file start.pdb (PDB, C-alpha atoms)
ATOM      1  CA  MET A 163       0.000   0.000   0.000
ATOM      2  CA  LEU A 164       1.533   3.232  -1.178
ATOM      3  CA  ASP A 165       0.352   5.241   1.832
ATOM      4  CA  GLY A 166       2.574   3.358   4.261
ATOM      5  CA  SER A 167      -0.309   1.555   5.969
ATOM      6  CA  TYR A 168       1.543  -1.716   5.428
ATOM      7  CA  ASN A 169       3.091  -0.972   8.835
ATOM      8  CA  THR A 170      -0.256  -0.883  10.613
ATOM      9  CA  PRO A 171      -1.141  -3.950  12.720
ATOM     10  CA  ALA A 172      -3.811  -5.017  10.253
ATOM     11  CA  ASN A 173      -1.426  -5.010   7.269
ATOM     12  CA  ALA A 174       1.980  -5.733   8.800
ATOM     13  CA  LEU A 175       3.879  -8.745   7.517
ATOM     14  CA  LYS A 176       3.741 -11.704   9.889
ATOM     15  CA  HIS A 177       7.174 -12.259  11.476
ATOM     16  CA  ASP A 178       8.804 -14.519  14.049
ATOM     17  CA  TYR A 179      10.193 -11.868  16.405
ATOM     18  CA  GLY A 180      10.636 -13.503  19.813
ATOM     19  CA  ILE A 181       9.766 -16.981  18.538
ATOM     20  CA  GLU A 182      12.407 -19.659  19.016
ATOM     21  CA  SER A 183      13.554 -21.538  15.938
ATOM     22  CA  SER A 184      12.466 -24.756  17.641
ATOM     23  CA  ASP A 185       8.897 -23.438  17.998
ATOM     24  CA  PRO A 186       6.377 -23.724  15.143
ATOM     25  CA  PHE A 187       5.935 -20.800  12.780
ATOM     26  CA  THR A 188       4.099 -20.447   9.487
ATOM     27  CA  PRO A 189       5.220 -17.674   7.107
ATOM     28  CA  ASP A 190       2.768 -14.980   6.116
ATOM     29  CA  ALA A 191       0.291 -16.379   3.577
ATOM     30  CA  GLY A 192      -0.850 -12.962   2.351
ATOM     31  CA  LEU A 193      -0.003 -11.317  -0.933
ATOM     32  CA  VAL A 194       3.545  -9.935  -1.166
ATOM     33  CA  ASP A 195       5.653  -8.328  -3.862
ATOM     34  CA  PRO A 196       8.087 -10.966  -5.212
ATOM     35  CA  ARG A 197      11.001  -8.597  -4.634
ATOM     36  CA  LEU A 198      10.504  -8.921  -0.871
ATOM     37  CA  ASP A 199      12.160 -12.327  -0.808
ATOM     38  CA  HIS A 200      15.030 -11.206  -3.020
ATOM     39  CA  SER A 201      15.787  -8.454  -0.500
ATOM     40  CA  VAL A 202      14.950  -9.865   2.926
ATOM     41  CA  GLY A 203      15.737 -13.199   4.540
ATOM     42  CA  ARG A 204      12.713 -14.278   6.584
ATOM     43  CA  ARG A 205      11.843 -17.441   8.398
ATOM     44  CA  GLY A 206      10.518 -20.308   6.345
ATOM     45  CA  ILE A 207      11.555 -18.851   2.974
ATOM     46  CA  PRO A 208      14.557 -20.311   1.062
ATOM     47  CA  TYR A 209      17.662 -18.227   1.738
ATOM     48  CA  LEU A 210      19.488 -18.240  -1.598
ATOM     49  CA  ASP A 211      20.732 -21.814  -2.055
ATOM     50  CA  TRP A 212      21.436 -22.456   1.622
ATOM     51  CA  ILE A 213      18.340 -23.617   3.515
ATOM     52  CA  ALA A 214      14.965 -22.195   4.436
ATOM     53  CA  HIS A 215      15.705 -19.331   6.811
ATOM     54  CA  PRO A 216      15.453 -20.833  10.327
ATOM     55  CA  GLY A 217      14.579 -17.564  12.049
ATOM     56  CA  LYS A 218      15.995 -16.638  15.433
ATOM     57  CA  ASN A 219      18.924 -19.062  15.263
ATOM     58  CA  TRP A 220      20.377 -16.991  12.429
ATOM     59  CA  ILE A 221      19.969 -13.679  14.264
ATOM     60  CA  ARG A 222      22.632 -12.779  16.786
ATOM     61  CA  SER A 223      20.230 -10.593  18.773
ATOM     62  CA  GLN A 224      16.652  -9.864  17.692
ATOM     63  CA  PRO A 225      16.284  -6.789  19.985
ATOM     64  CA  TYR A 226      19.242  -5.347  18.069
ATOM     65  CA  ALA A 227      18.802  -6.756  14.561
ATOM     66  CA  GLY A 228      15.149  -7.740  14.321
ATOM     67  CA  PRO A 229      13.758 -10.965  12.817
ATOM     68  CA  TYR A 230      15.149 -10.539   9.293
ATOM     69  CA  SER A 231      18.482 -11.056   7.547
ATOM     70  CA  PRO A 232      19.987  -9.129   4.631
ATOM     71  CA  LYS A 233      19.847 -11.049   1.369
ATOM     72  CA  LYS A 234      21.459  -8.856  -1.260
ATOM     73  CA  TYR A 235      25.265  -8.891  -1.412
ATOM     74  CA  ILE A 236      25.274 -12.277   0.327
ATOM     75  CA  TYR A 237      27.174 -15.092  -1.317
ATOM     76  CA  TYR A 238      25.545 -18.387  -2.245
ATOM     77  CA  LYS A 239      26.454 -21.681  -0.616
ATOM     78  CA  SER A 240      27.758 -22.815  -4.007
ATOM     79  CA  GLN A 241      30.228 -19.898  -3.870
ATOM     80  CA  GLU A 242      31.714 -20.907  -0.521
ATOM     81  CA  ASN A 243      35.528 -20.698  -0.673
ATOM     82  CA  THR A 244      35.196 -19.114  -4.128
ATOM     83  CA  LEU A 245      33.925 -15.641  -3.324
ATOM     84  CA  THR A 246      34.937 -15.964   0.315
ATOM     85  CA  ASP A 247      38.096 -16.554   2.298
ATOM     86  CA  GLY A 248      37.557 -19.995   3.802
ATOM     87  CA  SER A 249      40.445 -19.602   6.258
ATOM     88  CA  SER A 250      38.402 -17.403   8.603
ATOM     89  CA  TRP A 251      36.022 -18.807  11.197
ATOM     90  CA  THR A 252      33.514 -16.095  10.319
ATOM     91  CA  ARG A 253      33.560 -16.713   6.544
ATOM     92  CA  GLY A 254      33.049 -12.981   6.489
ATOM     93  CA  TYR A 255      35.867 -11.922   4.193
ATOM     94  CA  ALA A 256      33.968 -11.821   0.934
ATOM     95  CA  ILE A 257      35.098 -10.487  -2.423
ATOM     96  CA  MET A 258      31.631  -9.776  -3.759
ATOM     97  CA  ASN A 259      31.248  -6.863  -6.125
ATOM     98  CA  TYR A 260      29.064  -3.948  -5.064
ATOM     99  CA  THR A 261      26.532  -2.796  -7.658
ATOM    100  CA  ILE A 262      26.985   0.961  -7.859
ATOM    101  CA  ILE A 263      24.315   1.395 -10.507
ATOM    102  CA  ARG A 264      22.060  -0.916 -12.480
ATOM    103  CA  TYR A 265      19.540  -0.599 -15.276
ATOM    104  CA  ALA A 266      16.422  -0.547 -13.092
ATOM    105  CA  ASP A 267      17.904   2.351 -11.129
ATOM    106  CA  VAL A 268      18.522   4.252 -14.371
ATOM    107  CA  LEU A 269      14.952   3.624 -15.541
ATOM    108  CA  LEU A 270      13.531   4.869 -12.250
ATOM    109  CA  MET A 271      15.784   7.930 -12.236
ATOM    110  CA  LEU A 272      14.532   8.764 -15.722
ATOM    111  CA  ALA A 273      10.936   8.112 -14.637
ATOM    112  CA  GLU A 274      11.391  10.521 -11.739
ATOM    113  CA  ALA A 275      12.734  13.199 -14.070
ATOM    114  CA  GLU A 276       9.873  12.691 -16.530
ATOM    115  CA  ILE A 277       7.292  12.986 -13.762
ATOM    116  CA  GLU A 278       8.908  16.174 -12.490
ATOM    117  CA  LEU A 279       8.673  17.539 -16.035
ATOM    118  CA  GLY A 280       4.993  16.657 -16.174
ATOM    119  CA  ASN A 281       5.421  13.741 -18.604
ATOM    120  CA  LEU A 282       3.380  11.402 -16.436
ATOM    121  CA  GLU A 283       2.608   8.759 -19.051
ATOM    122  CA  ARG A 284       6.287   8.433 -19.941
ATOM    123  CA  GLY A 285       6.981   7.996 -16.228
ATOM    124  CA  ARG A 286       4.356   5.245 -16.019
ATOM    125  CA  GLU A 287       5.878   3.481 -19.013
ATOM    126  CA  LEU A 288       9.311   3.457 -17.392
ATOM    127  CA  VAL A 289       8.032   2.277 -14.005
ATOM    128  CA  ASN A 290       6.123  -0.492 -15.760
ATOM    129  CA  GLN A 291       9.324  -1.668 -17.454
ATOM    130  CA  VAL A 292      10.752  -2.364 -14.015
ATOM    131  CA  ARG A 293       7.566  -3.978 -12.746
ATOM    132  CA  ALA A 294       7.216  -6.168 -15.858
ATOM    133  CA  ARG A 295      10.614  -7.702 -15.205
ATOM    134  CA  ALA A 296       9.772  -8.308 -11.549
ATOM    135  CA  ALA A 297       6.453  -9.887 -12.602
ATOM    136  CA  ASN A 298       8.161 -12.743 -14.464
ATOM    137  CA  PRO A 299       7.382 -15.850 -12.337
ATOM    138  CA  ALA A 300      10.597 -17.516 -13.485
ATOM    139  CA  SER A 301      12.553 -15.058 -11.323
ATOM    140  CA  TRP A 302      10.497 -15.558  -8.167
ATOM    141  CA  VAL A 303      11.955 -17.341  -5.140
ATOM    142  CA  LYS A 304      11.079 -21.018  -5.301
ATOM    143  CA  ASN A 305      10.822 -23.863  -2.825
ATOM    144  CA  PRO A 306      12.930 -26.981  -3.485
ATOM    145  CA  ASP A 307       9.932 -28.576  -5.237
ATOM    146  CA  GLY A 308       9.708 -25.659  -7.680
ATOM    147  CA  SER A 309       6.624 -24.032  -6.172
ATOM    148  CA  ASN A 310       6.586 -20.340  -5.321
ATOM    149  CA  ALA A 311       8.008 -19.704  -1.846
ATOM    150  CA  ALA A 312       5.224 -17.246  -0.999
ATOM    151  CA  ASN A 313       1.994 -15.795  -2.369
ATOM    152  CA  TYR A 314       3.569 -13.400  -4.837
ATOM    153  CA  VAL A 315       1.634 -10.829  -6.822
ATOM    154  CA  ILE A 316       2.672  -7.829  -8.896
ATOM    155  CA  GLY A 317       1.023  -6.069 -11.794
ATOM    156  CA  LEU A 318       1.471  -3.099 -14.060
ATOM    157  CA  TYR A 319      -0.029   0.349 -13.705
ATOM    158  CA  ASN A 320      -2.655   0.080 -16.452
ATOM    159  CA  THR A 321      -4.593   3.255 -15.692
ATOM    160  CA  PRO A 322      -3.134   6.442 -17.219
ATOM    161  CA  TRP A 323      -1.308   8.686 -14.773
ATOM    162  CA  THR A 324      -2.974  12.083 -14.717
ATOM    163  CA  ASP A 325      -2.120  13.258 -11.198
ATOM    164  CA  LYS A 326       1.470  14.289 -10.549
ATOM    165  CA  ALA A 327       1.280  13.709  -6.775
ATOM    166  CA  ALA A 328      -0.038  10.164  -7.263
ATOM    167  CA  ALA A 329       2.609   9.435  -9.910
ATOM    168  CA  THR A 330       5.336  10.714  -7.577
ATOM    169  CA  THR A 331       4.075   8.492  -4.751
ATOM    170  CA  ALA A 332       4.093   5.442  -7.034
ATOM    171  CA  LEU A 333       7.592   6.225  -8.334
ATOM    172  CA  ARG A 334       9.021   6.697  -4.864
ATOM    173  CA  PHE A 335       7.489   3.482  -3.605
ATOM    174  CA  GLU A 336       8.868   1.645  -6.639
ATOM    175  CA  ARG A 337      12.388   2.782  -5.790
ATOM    176  CA  LYS A 338      11.859   1.526  -2.244
ATOM    177  CA  LEU A 339      10.776  -1.895  -3.486
ATOM    178  CA  GLU A 340      13.188  -2.347  -6.358
ATOM    179  CA  LEU A 341      16.335  -0.964  -4.723
ATOM    180  CA  SER A 342      15.788  -2.267  -1.191
ATOM    181  CA  GLY A 343      19.039  -3.050   0.562
ATOM    182  CA  GLU A 344      21.194  -1.426  -2.121
ATOM    183  CA  GLY A 345      22.074   1.755  -0.247
ATOM    184  CA  HIS A 346      19.942   4.329  -2.083
ATOM    185  CA  ARG A 347      17.030   4.904   0.276
ATOM    186  CA  PHE A 348      18.567   7.488   2.621
ATOM    187  CA  PHE A 349      19.864   9.596  -0.248
ATOM    188  CA  ASP A 350      16.485   9.395  -2.008
ATOM    189  CA  LEU A 351      14.717  10.666   1.113
ATOM    190  CA  VAL A 352      17.163  13.549   1.497
ATOM    191  CA  ARG A 353      16.799  14.477  -2.178
ATOM    192  CA  TRP A 354      13.022  14.461  -1.875
ATOM    193  CA  GLY A 355      13.132  16.586   1.276
ATOM    194  CA  ILE A 356      11.197  14.063   3.364
ATOM    195  CA  ALA A 357      14.020  12.411   5.287
ATOM    196  CA  ASP A 358      13.034  13.850   8.659
ATOM    197  CA  GLN A 359       9.361  12.865   8.610
ATOM    198  CA  THR A 360       9.976   9.467   7.023
ATOM    199  CA  LEU A 361      12.856   8.419   9.244
ATOM    200  CA  ASP A 362      11.282   9.710  12.447
ATOM    201  CA  ALA A 363       8.176   7.625  11.681
ATOM    202  CA  TYR A 364      10.430   4.643  10.921
ATOM    203  CA  LEU A 365      12.354   5.053  14.172
ATOM    204  CA  ILE A 366       9.173   5.287  16.220
ATOM    205  CA  HIS A 367       7.773   2.152  14.597
ATOM    206  CA  GLU A 368      10.963   0.087  14.841
ATOM    207  CA  ALA A 369      11.820   1.167  18.396
ATOM    208  CA  GLN A 370       9.031  -1.059  19.693
ATOM    209  CA  TYR A 371      11.029  -4.046  18.434
ATOM    210  CA  LEU A 372      14.661  -2.975  18.108
ATOM    211  CA  THR A 373      15.026  -1.585  21.615
ATOM    212  CA  ALA A 374      18.778  -2.137  21.680
ATOM    213  CA  MET A 375      19.335  -0.198  18.461
ATOM    214  CA  PHE A 376      16.715   2.518  18.132
ATOM    215  CA  GLY A 377      15.711   3.376  21.678
ATOM    216  CA  GLY A 378      15.845   7.190  21.864
ATOM    217  CA  ALA A 379      17.119   7.618  18.297
ATOM    218  CA  GLN A 380      15.821  10.567  16.302
ATOM    219  CA  PHE A 381      16.464  12.364  13.049
ATOM    220  CA  ARG A 382      17.929  15.862  13.491
ATOM    221  CA  ALA A 383      16.939  17.944  10.484
ATOM    222  CA  GLY A 384      19.806  20.001   9.108
ATOM    223  CA  ILE A 385      22.365  17.720  10.754
ATOM    224  CA  THR A 386      21.578  14.078  10.125
ATOM    225  CA  GLU A 387      21.549  14.584   6.355
ATOM    226  CA  TYR A 388      25.303  15.188   6.458
ATOM    227  CA  LEU A 389      28.416  13.403   7.660
ATOM    228  CA  PRO A 390      31.089  15.260   9.620
ATOM    229  CA  ILE A 391      34.116  16.488   7.725
ATOM    230  CA  PRO A 392      37.178  14.591   9.022
ATOM    231  CA  GLN A 393      39.203  16.623  11.491
ATOM    232  CA  GLY A 394      42.370  15.925   9.529
ATOM    233  CA  GLN A 395      40.931  17.682   6.503
ATOM    234  CA  LEU A 396      39.788  20.624   8.612
ATOM    235  CA  ASP A 397      43.318  20.944   9.982
ATOM    236  CA  LEU A 398      44.849  20.834   6.508
ATOM    237  CA  GLN A 399      42.412  23.372   5.048
ATOM    238  CA  LYS A 400      41.719  25.720   7.948
ATOM    239  CA  ASP A 401      40.745  28.657   5.793
ATOM    240  CA  VAL A 402      38.761  26.621   3.279
ATOM    241  CA  LEU A 403      36.609  24.014   5.024
ATOM    242  CA  LYS A 404      34.060  24.570   7.731
ATOM    243  CA  GLN A 405      32.610  21.761   9.800
ATOM    244  CA  ASN A 406      29.030  20.748   8.987
ATOM    245  CA  PRO A 407      26.374  21.886  11.476
ATOM    246  CA  GLY A 408      25.963  19.840  14.626
ATOM    247  CA  TYR A 409      29.425  18.262  14.661
TER     248      TYR A 409
END
call {"tool": "encode", "arguments": {"input": "start.pdb", "output": "structure tokens"}}
result
Amino acid sequence: MLDGSYNTPANALKHDYGIESSDPFTPDAGLVDPRLDHSVGRRGIPYLDWIAHPGKNWIRSQPYAGPYSPKKYIYYKSQENTLTDGSSWTRGYAIMNYTIIRYADVLLMLAEAEIELGNLERGRELVNQVRARAANPASWVKNPDGSNAANYVIGLYNTPWTDKAAATTALRFERKLELSGEGHRFFDLVRWGIADQTLDAYLIHEAQYLTAMFGGAQFRAGITEYLPIPQGQLDLQKDVLKQNPGY
């Protein structure tokens, strides 16, 4: 739901927070975008080519990390000792490439520009290119028997876009879905000028679960958007650089 009501109790995804891996749990049977399970490791759903995610046993601390695991930029079991240094007990020294930019990102950047220019139908066409690829069932996460791992559904925007605000909402939500876990979200929110309201709402929602991480956290407008300039650079360029506000 584009209005963010997916975080309300009635629409929230069923999760196994606080449930032991040895206790029974059935994954959410509701409709989900197929890109969810390419982005997020959740209990009962195949985790790449390893096993079905076992839940709490794979989370070091749920009050800190929550019930989910990252799934992008994670190596496959078949790549063990190929894309990883097998000499370490952590298996954490990976040589996986980081995707700085990919075609779907380019399409959505262009769609955003077209919408800003008032070319709403061109924006819809570009967003639908991304959604059409994601709608191919062959790319959906599968169980070992070949069945879909969850109740996936995704369609195209078939009604013409005539309202710029609605088109913008759809475009922004598409970037959230398509680029989840790829490092773009914070910079998108800052560019759109909604980082403070969006992240404060996120922190309030997540603090009820991630008490060890988000308790008391807040977004400080005018400060949190920026990183501090390293002191070494300030020392080298005393008459040129000025520290960002709040640091």
call {"tool": "atom_distance", "arguments": {"input": "start.pdb", "atom1": "CA of Ala357 in chain A", "atom2": "CA of Phe335 in chain A"}}
result
14.2 Å
call {"tool": "closest_residue", "arguments": {"input": "start.pdb", "among": "A:Asn259, A:Gln393, A:Thr386, A:Asn305", "to": "Thr246 in chain A", "atoms": "only C-alpha atoms"}}
result
A:Asn259
call {"tool": "residues_around", "arguments": {"input": "start.pdb", "residues": "range 297-304 of chain A", "least_positions_apart": "6", "cutoff": "6 Å", "atoms": "all atoms listed in the file", "output": "list in words"}}
result
Pro196, Asn310, Ala311 and Ile316 of chain A
call {"tool": "atom_distance", "arguments": {"input": "start.pdb", "atom1": "CA of Thr324 in chain A", "atom2": "CA of Leu282 in chain A"}}
result
6.6 Å
call {"tool": "resolve_selection", "arguments": {"input": "start.pdb", "expression": "the PyMOL selection byres ((chain A and resi 213) around 12)", "output": "VMD selection string"}}
result
chain A and resid 203 to 212 214 to 217 220 238 to 239 304 to 306
call {"tool": "closest_residue", "arguments": {"input": "start.pdb", "among": "A:Arg197, A:Lys338, A:Lys233, A:Arg222", "to": "Arg295 in chain A", "atoms": "all atoms listed in the file"}}
result
A:Arg197
call {"tool": "closest_residue", "arguments": {"input": "start.pdb", "among": "A:Val402, A:Ala174, A:Ala266, A:Met258", "to": "Gln241 in chain A", "atoms": "all atoms listed in the file"}}
result
A:Met258
call {"tool": "resolve_selection", "arguments": {"input": "start.pdb", "expression": "the PyMOL selection byres ((chain A and resi 234) around 10)", "output": "ChimeraX atom specification"}}
result
/A:199-203,210,231-233,235-237,260,342-344
call {"tool": "closest_residue", "arguments": {"input": "start.pdb", "among": "A:Leu164, A:Leu351, A:Ala312, A:Ala383", "to": "Asp190 in chain A", "atoms": "only C-alpha atoms"}}
result
A:Ala312
call {"tool": "resolve_selection", "arguments": {"input": "start.pdb", "expression": "the PyMOL selection byres ((chain A and resi 334) around 12)", "output": "PyMOL selection string"}}
result
chain A and resi 164-166+267+270-271+273-275+277+285+289+327-333+335-342+346-347+350-351+353-354+356
call {"tool": "closest_residue", "arguments": {"input": "start.pdb", "among": "A:Arg293, A:Arg286, A:Asn281, A:Leu175", "to": "Thr188 in chain A", "atoms": "only C-alpha atoms"}}
result
A:Leu175
call {"tool": "residues_around", "arguments": {"input": "start.pdb", "residues": "Val352 in chain A", "least_positions_apart": "6", "cutoff": "12 Å", "atoms": "all atoms listed in the file", "output": "ChimeraX atom specification"}}
result
/A:346,358-361,381,383-388
call {"tool": "write_last_selection", "arguments": {"input": "start.pdb", "atoms": "C-alpha atoms", "output": "mmCIF file, in the coordinates of the input"}}
result
data_model
loop_
_atom_site.group_PDB
_atom_site.id
_atom_site.type_symbol
_atom_site.label_atom_id
_atom_site.label_comp_id
_atom_site.auth_asym_id
_atom_site.auth_seq_id
_atom_site.Cartn_x
_atom_site.Cartn_y
_atom_site.Cartn_z
ATOM 1 C CA HIS A 346 19.942 4.329 -2.083
ATOM 2 C CA ASP A 358 13.034 13.850 8.659
ATOM 3 C CA GLN A 359 9.361 12.865 8.610
ATOM 4 C CA THR A 360 9.976 9.467 7.023
ATOM 5 C CA LEU A 361 12.856 8.419 9.244
ATOM 6 C CA PHE A 381 16.464 12.364 13.049
ATOM 7 C CA ALA A 383 16.939 17.944 10.484
ATOM 8 C CA GLY A 384 19.806 20.001 9.108
ATOM 9 C CA ILE A 385 22.365 17.720 10.754
ATOM 10 C CA THR A 386 21.578 14.078 10.125
ATOM 11 C CA GLU A 387 21.549 14.584 6.355
ATOM 12 C CA TYR A 388 25.303 15.188 6.458
#
call {"tool": "closest_residue", "arguments": {"input": "start.pdb", "among": "A:Asn290, A:Thr261, A:Asn173, A:Gln380", "to": "Glu368 in chain A", "atoms": "only C-alpha atoms"}}
result
A:Gln380
call {"tool": "residues_around", "arguments": {"input": "start.pdb", "residues": "Tyr226 in chain A", "least_positions_apart": "3", "cutoff": "10 Å", "atoms": "all atoms listed in the file", "output": "MDAnalysis selection string"}}
result
chainID A and resid 221:223 229 369 371:376
call {"tool": "atom_distance", "arguments": {"input": "start.pdb", "atom1": "CA of Gln224 in chain A", "atom2": "CA of Ser183 in chain A"}}
result
12.2 Å
call {"tool": "axis_aligned_box", "arguments": {"input": "start.pdb", "around": "range 289-297 of chain A", "padding_each_side": "4 Å", "output": "JSON"}}
result
{"center_x": 8.4, "center_y": -3.8, "center_z": -14.5, "size_x": 12.6, "size_y": 20.2, "size_z": 13.9}
call {"tool": "residues_near_point", "arguments": {"input": "start.pdb", "point": "(5.4, -21.0, 17.1)", "cutoff": "12 Å", "atoms": "all atoms listed in the file", "output": "ChimeraX atom specification"}}
result
/A:176-189,205-206,217-218
call {"tool": "write_last_selection", "arguments": {"input": "start.pdb", "atoms": "C-alpha atoms", "output": "PDB file, in the coordinates of the input"}}
result
ATOM      1  CA  LYS A 176       3.741 -11.704   9.889  1.00  0.00           C
ATOM      2  CA  HIS A 177       7.174 -12.259  11.476  1.00  0.00           C
ATOM      3  CA  ASP A 178       8.804 -14.519  14.049  1.00  0.00           C
ATOM      4  CA  TYR A 179      10.193 -11.868  16.405  1.00  0.00           C
ATOM      5  CA  GLY A 180      10.636 -13.503  19.813  1.00  0.00           C
ATOM      6  CA  ILE A 181       9.766 -16.981  18.538  1.00  0.00           C
ATOM      7  CA  GLU A 182      12.407 -19.659  19.016  1.00  0.00           C
ATOM      8  CA  SER A 183      13.554 -21.538  15.938  1.00  0.00           C
ATOM      9  CA  SER A 184      12.466 -24.756  17.641  1.00  0.00           C
ATOM     10  CA  ASP A 185       8.897 -23.438  17.998  1.00  0.00           C
ATOM     11  CA  PRO A 186       6.377 -23.724  15.143  1.00  0.00           C
ATOM     12  CA  PHE A 187       5.935 -20.800  12.780  1.00  0.00           C
ATOM     13  CA  THR A 188       4.099 -20.447   9.487  1.00  0.00           C
ATOM     14  CA  PRO A 189       5.220 -17.674   7.107  1.00  0.00           C
ATOM     15  CA  ARG A 205      11.843 -17.441   8.398  1.00  0.00           C
ATOM     16  CA  GLY A 206      10.518 -20.308   6.345  1.00  0.00           C
ATOM     17  CA  GLY A 217      14.579 -17.564  12.049  1.00  0.00           C
ATOM     18  CA  LYS A 218      15.995 -16.638  15.433  1.00  0.00           C
TER      19      LYS A 218
END
call {"tool": "residues_around", "arguments": {"input": "start.pdb", "residues": "Gly394 in chain A", "least_positions_apart": "4", "cutoff": "12 Å", "atoms": "only C-alpha atoms", "output": "list in words"}}
result
Pro390, Leu398, Gln399, Lys400, Leu403 and Gln405 of chain A
call {"tool": "build_atoms", "arguments": {"input": "start.pdb", "residues": "range 367-385 of chain A", "atoms": "N, CA and C atoms", "output": "JSON list (two decimals), in the coordinates of the input"}}
result
[["chain", "number", "residue", "atom", "x", "y", "z"],
["A", 367, "HIS", "N", 8.35, 3.48, 14.83],
["A", 367, "HIS", "CA", 7.77, 2.15, 14.60],
["A", 367, "HIS", "C", 8.74, 1.05, 15.01],
["A", 368, "GLU", "N", 10.00, 1.16, 14.60],
["A", 368, "GLU", "CA", 10.96, 0.09, 14.84],
["A", 368, "GLU", "C", 11.42, 0.03, 16.29],
["A", 369, "ALA", "N", 11.34, 1.14, 17.01],
["A", 369, "ALA", "CA", 11.82, 1.17, 18.40],
["A", 369, "ALA", "C", 11.03, 0.22, 19.30],
["A", 370, "GLN", "N", 9.81, -0.12, 18.89],
["A", 370, "GLN", "CA", 9.03, -1.06, 19.69],
["A", 370, "GLN", "C", 9.58, -2.47, 19.60],
["A", 371, "TYR", "N", 10.40, -2.73, 18.60],
["A", 371, "TYR", "CA", 11.03, -4.05, 18.43],
["A", 371, "TYR", "C", 12.54, -3.99, 18.69],
["A", 372, "LEU", "N", 13.20, -3.05, 18.03],
["A", 372, "LEU", "CA", 14.66, -2.98, 18.11],
["A", 372, "LEU", "C", 15.07, -2.03, 19.23],
["A", 373, "THR", "N", 14.77, -2.43, 20.45],
["A", 373, "THR", "CA", 15.03, -1.58, 21.62],
["A", 373, "THR", "C", 16.51, -1.33, 21.83],
["A", 374, "ALA", "N", 17.34, -2.29, 21.47],
["A", 374, "ALA", "CA", 18.78, -2.14, 21.68],
["A", 374, "ALA", "C", 19.41, -1.20, 20.65],
["A", 375, "MET", "N", 18.74, -1.02, 19.51],
["A", 375, "MET", "CA", 19.34, -0.20, 18.46],
["A", 375, "MET", "C", 18.71, 1.19, 18.38],
["A", 376, "PHE", "N", 17.39, 1.27, 18.44],
["A", 376, "PHE", "CA", 16.72, 2.52, 18.13],
["A", 376, "PHE", "C", 16.11, 3.23, 19.33],
["A", 377, "GLY", "N", 16.27, 2.71, 20.51],
["A", 377, "GLY", "CA", 15.71, 3.38, 21.68],
["A", 377, "GLY", "C", 16.27, 4.78, 21.84],
["A", 378, "GLY", "N", 15.42, 5.80, 21.72],
["A", 378, "GLY", "CA", 15.84, 7.19, 21.86],
["A", 378, "GLY", "C", 16.42, 7.82, 20.62],
["A", 379, "ALA", "N", 16.55, 7.06, 19.53],
["A", 379, "ALA", "CA", 17.12, 7.62, 18.30],
["A", 379, "ALA", "C", 16.14, 8.59, 17.66],
["A", 380, "GLN", "N", 16.66, 9.62, 17.01],
["A", 380, "GLN", "CA", 15.82, 10.57, 16.30],
["A", 380, "GLN", "C", 16.60, 11.20, 15.16],
["A", 381, "PHE", "N", 15.87, 11.67, 14.17],
["A", 381, "PHE", "CA", 16.46, 12.36, 13.05],
["A", 381, "PHE", "C", 16.57, 13.85, 13.40],
["A", 382, "ARG", "N", 17.72, 14.44, 13.20],
["A", 382, "ARG", "CA", 17.93, 15.86, 13.49],
["A", 382, "ARG", "C", 18.05, 16.62, 12.17],
["A", 383, "ALA", "N", 16.96, 17.24, 11.76],
["A", 383, "ALA", "CA", 16.94, 17.94, 10.48],
["A", 383, "ALA", "C", 18.04, 19.00, 10.42],
["A", 384, "GLY", "N", 18.71, 19.06, 9.28],
["A", 384, "GLY", "CA", 19.81, 20.00, 9.11],
["A", 384, "GLY", "C", 21.15, 19.48, 9.58],
["A", 385, "ILE", "N", 21.13, 18.33, 10.24],
["A", 385, "ILE", "CA", 22.36, 17.72, 10.75],
["A", 385, "ILE", "C", 22.53, 16.30, 10.24]]
